[in-house]
Each structure stands twice: as C-alpha cells, then as structure tokens.
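Containing mmCIF, C-alpha atoms and all ligand atoms: work.cif.
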data_target
#
loop_
_atom_site.group_PDB
_atom_site.id
_atom_site.type_symbol
_atom_site.label_atom_id
_atom_site.label_comp_id
_atom_site.auth_asym_id
_atom_site.auth_seq_id
_atom_site.Cartn_x
_atom_site.Cartn_y
_atom_site.Cartn_z
ATOM 1 C CA MET A 235 10.396 7.050 12.086
ATOM 2 C CA VAL A 236 11.940 9.027 9.312
ATOM 3 C CA ALA A 237 11.616 7.444 5.930
ATOM 4 C CA LEU A 238 11.679 9.571 2.837
ATOM 5 C CA TYR A 239 12.026 12.513 5.136
ATOM 6 C CA HIS A 240 15.401 13.862 6.177
ATOM 7 C CA SER A 241 15.498 15.262 9.669
ATOM 8 C CA ASP A 242 17.497 18.229 8.491
ATOM 9 C CA ARG A 243 14.954 19.251 5.900
ATOM 10 C CA ARG A 244 12.746 22.206 6.574
ATOM 11 C CA GLU A 245 9.382 21.501 8.020
ATOM 12 C CA THR A 246 6.050 22.864 7.011
ATOM 13 C CA PRO A 247 4.535 25.415 6.350
ATOM 14 C CA VAL A 248 4.307 24.527 2.732
ATOM 15 C CA GLU A 249 3.214 26.401 -0.300
ATOM 16 C CA ASP A 250 0.565 25.035 -2.617
ATOM 17 C CA VAL A 251 1.865 25.535 -6.113
ATOM 18 C CA SER A 252 -0.854 23.572 -7.862
ATOM 19 C CA SER A 253 -1.744 24.547 -11.350
ATOM 20 C CA PRO A 254 -4.412 23.281 -13.718
ATOM 21 C CA VAL A 255 -1.734 22.207 -16.156
ATOM 22 C CA ASP A 256 0.720 19.977 -14.447
ATOM 23 C CA PRO A 257 4.189 20.170 -16.003
ATOM 24 C CA ILE A 258 5.142 16.635 -15.050
ATOM 25 C CA GLU A 259 4.461 14.000 -17.603
ATOM 26 C CA ASN A 260 1.736 11.598 -16.539
ATOM 27 C CA ARG A 261 1.224 13.368 -13.258
ATOM 28 C CA PRO A 262 -2.421 14.105 -12.553
ATOM 29 C CA ALA A 263 -3.155 17.800 -12.283
ATOM 30 C CA ALA A 264 -3.603 18.010 -8.570
ATOM 31 C CA HIS A 265 -1.812 19.335 -5.544
ATOM 32 C CA ASP A 266 1.904 19.877 -5.856
ATOM 33 C CA VAL A 267 3.186 21.250 -2.587
ATOM 34 C CA ALA A 268 6.507 23.058 -2.425
ATOM 35 C CA GLY A 269 8.368 22.064 0.708
ATOM 36 C CA CYS A 270 6.902 18.546 0.627
ATOM 37 C CA ILE A 271 9.814 16.166 0.063
ATOM 38 C CA PRO A 272 8.091 13.750 -2.348
ATOM 39 C CA CYS A 273 6.484 16.625 -4.264
ATOM 40 C CA ASP A 274 9.822 18.430 -4.481
ATOM 41 C CA ALA A 275 11.541 15.276 -5.733
ATOM 42 C CA LEU A 276 8.798 14.555 -8.268
ATOM 43 C CA ALA A 277 8.798 18.131 -9.531
ATOM 44 C CA GLY A 278 12.579 18.280 -9.837
ATOM 45 C CA ARG A 279 12.971 20.874 -7.081
ATOM 46 C CA ALA A 280 15.046 18.403 -5.042
ATOM 47 C CA PRO A 281 17.372 15.540 -5.957
ATOM 48 C CA LEU A 282 15.870 12.102 -6.476
ATOM 49 C CA PRO A 283 18.686 9.524 -6.247
ATOM 50 C CA GLY A 284 17.887 6.669 -8.582
ATOM 51 C CA GLY A 285 15.144 8.661 -10.247
ATOM 52 C CA ARG A 286 11.664 7.396 -10.914
ATOM 53 C CA ILE A 287 12.041 3.652 -11.175
ATOM 54 C CA HIS A 288 8.565 2.817 -12.384
ATOM 55 C CA GLN A 289 5.261 4.593 -12.711
ATOM 56 C CA THR A 290 1.571 3.862 -13.077
ATOM 57 C CA PRO A 291 -1.067 6.500 -13.824
ATOM 58 C CA HIS A 292 -1.356 7.360 -10.112
ATOM 59 C CA TRP A 293 1.750 5.983 -8.361
ATOM 60 C CA THR A 294 5.480 6.173 -8.757
ATOM 61 C CA ILE A 295 8.254 4.044 -7.303
ATOM 62 C CA MET A 296 11.525 5.463 -6.046
ATOM 63 C CA HIS A 297 14.337 4.304 -3.803
ATOM 64 C CA VAL A 298 13.898 5.346 -0.185
ATOM 65 C CA PHE A 299 16.088 8.293 0.843
ATOM 66 C CA GLY A 300 16.560 7.429 4.489
ATOM 67 C CA SER A 301 18.033 4.691 6.652
ATOM 68 C CA PHE A 302 16.066 1.726 5.380
ATOM 69 C CA GLY A 303 18.996 0.114 3.631
ATOM 70 C CA LEU A 304 19.824 -0.647 0.043
ATOM 71 C CA GLY A 305 16.861 -1.994 -1.871
ATOM 72 C CA ALA A 306 14.075 -0.323 0.102
ATOM 73 C CA LEU A 307 11.603 1.082 -2.408
ATOM 74 C CA ALA A 308 8.860 3.628 -1.812
ATOM 75 C CA VAL A 309 5.467 3.505 -3.516
ATOM 76 C CA VAL A 310 4.327 7.119 -3.651
ATOM 77 C CA PRO A 311 1.096 8.661 -4.952
ATOM 78 C CA LEU A 312 1.768 11.251 -7.642
ATOM 79 C CA ARG A 313 -0.835 13.449 -6.045
ATOM 80 C CA HIS A 314 -0.058 15.156 -2.736
ATOM 81 C CA VAL A 315 -2.118 12.981 -0.392
ATOM 82 C CA VAL A 316 -1.420 12.902 3.337
ATOM 83 C CA HIS A 317 -3.903 10.287 4.546
ATOM 84 C CA VAL A 318 -4.627 6.838 3.169
ATOM 85 C CA ALA A 319 -8.279 7.636 3.809
ATOM 86 C CA ASP A 320 -8.042 10.447 1.258
ATOM 87 C CA LEU A 321 -6.898 8.273 -1.645
ATOM 88 C CA SER A 322 -9.168 8.406 -4.661
ATOM 89 C CA GLN A 323 -10.906 5.350 -6.009
ATOM 90 C CA GLU A 324 -8.551 5.395 -8.981
ATOM 91 C CA GLU A 325 -5.490 5.508 -6.728
ATOM 92 C CA VAL A 326 -6.832 2.690 -4.570
ATOM 93 C CA SER A 327 -7.645 0.528 -7.562
ATOM 94 C CA GLU A 328 -3.964 0.498 -8.588
ATOM 95 C CA LEU A 329 -2.448 0.198 -5.150
ATOM 96 C CA GLY A 330 -2.633 -3.532 -4.515
ATOM 97 C CA ALA A 331 -1.010 -4.480 -7.789
ATOM 98 C CA VAL A 332 1.694 -1.825 -7.390
ATOM 99 C CA LEU A 333 2.554 -3.043 -3.896
ATOM 100 C CA ARG A 334 2.665 -6.654 -5.012
ATOM 101 C CA GLU A 335 4.852 -5.972 -8.030
ATOM 102 C CA THR A 336 7.216 -3.797 -6.018
ATOM 103 C CA ALA A 337 7.518 -6.468 -3.341
ATOM 104 C CA ASP A 338 8.277 -8.957 -6.081
ATOM 105 C CA VAL A 339 11.012 -6.742 -7.545
ATOM 106 C CA VAL A 340 12.542 -6.173 -4.106
ATOM 107 C CA THR A 341 12.443 -9.911 -3.437
ATOM 108 C CA GLU A 342 14.109 -10.785 -6.714
ATOM 109 C CA LEU A 343 16.912 -8.298 -6.176
ATOM 110 C CA THR A 344 17.635 -8.810 -2.486
ATOM 111 C CA ASP A 345 16.646 -12.372 -1.497
ATOM 112 C CA PRO A 346 15.052 -11.218 1.753
ATOM 113 C CA VAL A 347 13.527 -13.269 4.543
ATOM 114 C CA GLN A 348 10.628 -10.822 4.482
ATOM 115 C CA VAL A 349 9.725 -7.562 2.762
ATOM 116 C CA TYR A 350 8.467 -5.229 5.461
ATOM 117 C CA THR A 351 5.727 -3.010 4.037
ATOM 118 C CA CYS A 352 4.824 0.053 6.035
ATOM 119 C CA GLN A 353 3.365 3.526 5.793
ATOM 120 C CA TRP A 354 4.625 5.971 8.410
ATOM 121 C CA SER A 355 4.364 9.323 6.678
ATOM 122 C CA HIS A 356 4.583 11.668 9.620
ATOM 123 C CA HIS A 357 7.015 14.535 9.554
ATOM 124 C CA GLY A 358 7.540 17.441 11.910
ATOM 125 C CA GLY A 359 4.508 16.392 13.902
ATOM 126 C CA ARG A 360 2.208 16.560 10.917
ATOM 127 C CA ALA A 361 0.746 14.067 8.501
ATOM 128 C CA ALA A 362 2.913 14.025 5.397
ATOM 129 C CA HIS A 363 2.685 12.909 1.765
ATOM 130 C CA ILE A 364 2.034 9.215 2.147
ATOM 131 C CA HIS A 365 4.408 6.592 0.812
ATOM 132 C CA PHE A 366 4.504 2.867 1.355
ATOM 133 C CA ILE A 367 7.998 1.588 2.069
ATOM 134 C CA LEU A 368 8.932 -1.921 1.039
ATOM 135 C CA GLN A 369 12.062 -2.788 2.966
ATOM 136 C CA PRO A 370 13.952 -6.028 2.389
ATOM 137 C CA ILE A 371 14.950 -7.742 5.616
ATOM 138 C CA ARG A 372 17.846 -10.033 4.890
ATOM 139 C CA GLN A 373 19.144 -12.870 7.033
ATOM 140 C CA SER A 374 22.270 -10.742 7.578
ATOM 141 C CA ASP A 375 20.082 -7.979 9.047
ATOM 142 C CA MET A 376 18.615 -10.459 11.510
ATOM 143 C CA ASN A 377 22.035 -11.868 12.355
ATOM 144 C CA ALA A 378 23.328 -8.381 13.106
ATOM 145 C CA HIS A 379 20.485 -7.710 15.543
ATOM 146 C CA PRO A 380 19.524 -11.027 17.122
ATOM 147 C CA GLY A 381 16.159 -11.158 18.828
ATOM 148 C CA LYS A 382 14.829 -8.037 17.113
ATOM 149 C CA LEU A 383 11.995 -8.153 14.628
ATOM 150 C CA GLY A 384 9.479 -5.736 13.112
ATOM 151 C CA PRO A 385 9.747 -2.062 14.104
ATOM 152 C CA MET A 386 12.441 -2.863 16.668
ATOM 153 C CA LEU A 387 14.603 -4.383 13.962
ATOM 154 C CA GLN A 388 13.936 -1.441 11.646
ATOM 155 C CA THR A 389 14.931 0.938 14.430
ATOM 156 C CA ALA A 390 18.095 -1.035 15.194
ATOM 157 C CA LEU A 391 19.056 -1.035 11.539
ATOM 158 C CA ALA A 392 18.443 2.685 11.226
ATOM 159 C CA GLU A 393 20.421 3.459 14.373
ATOM 160 C CA ALA A 394 23.309 1.401 13.016
ATOM 161 C CA GLY A 395 23.460 3.703 10.004
ATOM 162 C CA ASN A 396 21.567 1.823 7.354
ATOM 163 C CA LYS A 397 21.641 4.558 4.724
ATOM 164 C CA PRO A 398 23.087 3.391 1.390
ATOM 165 C CA ASP A 399 25.426 5.594 -0.582
ATOM 166 C CA HIS A 400 24.345 7.439 -3.689
ATOM 167 C CA ASP A 401 26.116 5.251 -6.245
ATOM 168 C CA ALA A 402 24.679 2.071 -4.744
ATOM 169 C CA VAL A 403 21.185 3.548 -4.889
ATOM 170 C CA GLU A 404 21.648 4.554 -8.513
ATOM 171 C CA ALA A 405 22.847 1.072 -9.436
ATOM 172 C CA PHE A 406 20.040 -0.661 -7.551
ATOM 173 C CA ALA A 407 17.441 1.623 -9.111
ATOM 174 C CA GLU A 408 18.689 0.735 -12.561
ATOM 175 C CA ARG A 409 18.428 -2.977 -11.862
ATOM 176 C CA ALA A 410 14.910 -2.497 -10.511
ATOM 177 C CA ARG A 411 13.948 -0.361 -13.516
ATOM 178 C CA THR A 412 15.096 -3.140 -15.825
ATOM 179 C CA LEU A 413 12.984 -5.682 -13.958
ATOM 180 C CA TYR A 414 9.809 -3.572 -14.121
ATOM 181 C CA ALA A 415 10.389 -2.997 -17.809
ATOM 182 C CA ALA A 416 11.018 -6.676 -18.494
ATOM 183 C CA ARG A 417 7.556 -7.487 -17.184
ATOM 184 C CA ARG A 418 6.012 -5.349 -19.920
ATOM 185 C CA VAL A 419 7.558 -6.868 -23.015
HETATM 186 ZN ZN ZN B 1 3.557 16.104 -1.515
#

Could you take the file, read its structure, and then write that structure out as structure tokens?
Amino acid sequence: MVALYHSDRRETPVEDVSSPVDPIENRPAAHDVAGCIPCDALAGRAPLPGGRIHQTPHWTIMHVFGSFGLGALAVVPLRHVVHVADLSQEEVSELGAVLRETADVVTELTDPVQVYTCQWSHHGGRAAHIHFILQPIRQSDMNAHPGKLGPMLQTALAEAGNKPDHDAVEAFAERARTLYAARRV
C-alpha cells in the first residue's frame, strides 16, 4: 500500500547526507537521507503540500500525499527511522500522545466513524521511513463501498481515486494547524 510514497518516485538507493549540524530547526541531528520521501519533504528538497502542521521534539505531522483522502494525517519521526523497533526511547515516549492528539484533530475536522491508524512504510520492496497514517473513515466512505471494512475499504477507496487536490490539502492543513495551536494557549 502506497501512503506517503508516490509510485512514480525513484526508489532506493539513497544517499546519506547526514551532518553533525542539522539545518532544520528542531530536527535532531541524525540521519537525513536524500531520496527518502519524508526526508526530502522535511529538508525542503521536495514539495510538502500543507507544510508541517505540528511538531514535537521528535515527530512532525503532515498531510498524507497519497490516496488516503482529505484529512488523512501522517505522524512522522524527524529522524530517518525505518523500523518501529529502532525508535529511540525519546521518540517512543512522545508517540502515544502525538497519535492521540492527531486522532483527536482528525476527528474534530472530519466527523469520522473511525480513524484508521496504520503504519505500512514499505516502498520499492524495502523498509522505508516509518510514518503512522491516521485516516478518517466517514459514513460516506462506507456507503460508497458497502460491505468493505479495514484494509479492504482502504484499498477500495484508493482504487476509486481518493487523492485530494492540492488546494484542499492546503486548506485542511491550515485548519488542523489552528487546532493544534489552540490547544497550547
Ligand atoms: Zn527518511
């Protein structure tokens, strides 16, 4: 299942362009891998529609690039990590709260029946920069594909062309950004 990853993007090999001084504000000095789609987006080497919506010391939230519909947000480690098992203690300690808050933001903005939360970072046959996708499943999604739930419903939605346009993503991201910010005042 393609998520952040576009099928027409180049595959690995990738180039490790890590440096001791990371140029990205608040990004831990760690691996930054050219050719990795999240790393490229975070480093400004590739477009990031909607931009960074919210950020913690170790995670950032962006709108999903692929066919997961409008309102699907990705929780992405700032560090290039390709296995959940390789997350640091610091990354893990933030993860639960970040997932919960992101699910709450998605829920408030989309009124879903459920927020599917999945991690399928696998691209070109290789493990890829992990990202947790929080996808709102609306009643209208279920009505359009009766009898399908879970991965089968996600597949049906994707096959039906569930990729939102750029302007809609930008507008949704701004609404989400406002909600995250409102929780901190
Ligand atoms: Zn990466």

If you take every atom of range 380-384 of chain A that the file lists and fit an axis-aligned box around them with 8 Å extra on each side, what centre and edge lengths come out in Å to one decimal, as lines of an AutoDock Vina configuration file?
center_x = 14.5
center_y = -8.4
center_z = 16.0
size_x = 26.0
size_y = 21.4
size_z = 21.7

*Report as a ChimeraX atom specification which protein, DNA and RNA residues come within 10 Å of ligand ZN 1 (chain B), using only C-alpha atoms and all ligand atoms.*
/A:248,250,265-277,310-316,362-365

*Spell out the residues picked by the PyMOL selection byres (((chain A and resi 283-298) around 6) and not hetatm) here, as a VMD selection string.*
chain A and resid 238 282 299 to 300 306 to 312 325 403 to 404 407 411

*Answer key for the PyMOL selection byres (((chain A and resi 367-382) around 7) and not hetatm), residues as a ChimeraX atom specification*: /A:302,305-309,337,340,344-353,365-366,383,386-387

*Calculate how many Å separate CA of His400 in chain A from CA of Thr412 in chain A, rounding to one decimal.*
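If I compute the distance from CA of His400 in chain A to CA of Thr412 in chain A, I get 18.6 Å.
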
*What does the distance between CA of Ser355 in chain A and CA of Ala390 in chain A come to in Å, to one decimal place?*
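CA of Ala390 in chain A lies 19.2 Å from CA of Ser355 in chain A.
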
*asked:* Could you tell me how far CA of Arg417 in chain A sits from CA of Thr336 in chain A, in Å to one decimal place?
replied: 11.8 Å

*Given all atoms listed in the file as the counted atoms, nearest of A:Ala331, A:Leu391, A:Leu343, A:Ala410 to Ser301 in chain A*: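 Comparing A:Ala331, A:Leu391, A:Leu343, A:Ala410 against Ser301 in chain A, the winner is A:Leu391.
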
*Using only C-alpha atoms, pick whichever of A:Asp320, A:Glu328, A:Glu335, A:Asp399 has the shortest atom-to-atom distance to Ala361 in chain A.*
A:Asp320

*Which residue, A:Ser327, A:Gly303, A:Asp338, A:Gly359, has the smallest gap to Ala394 in chain A when you use all atoms listed in the file?*
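Ranking A:Ser327, A:Gly303, A:Asp338, A:Gly359 by distance to Ala394 in chain A, first place goes to A:Gly303.
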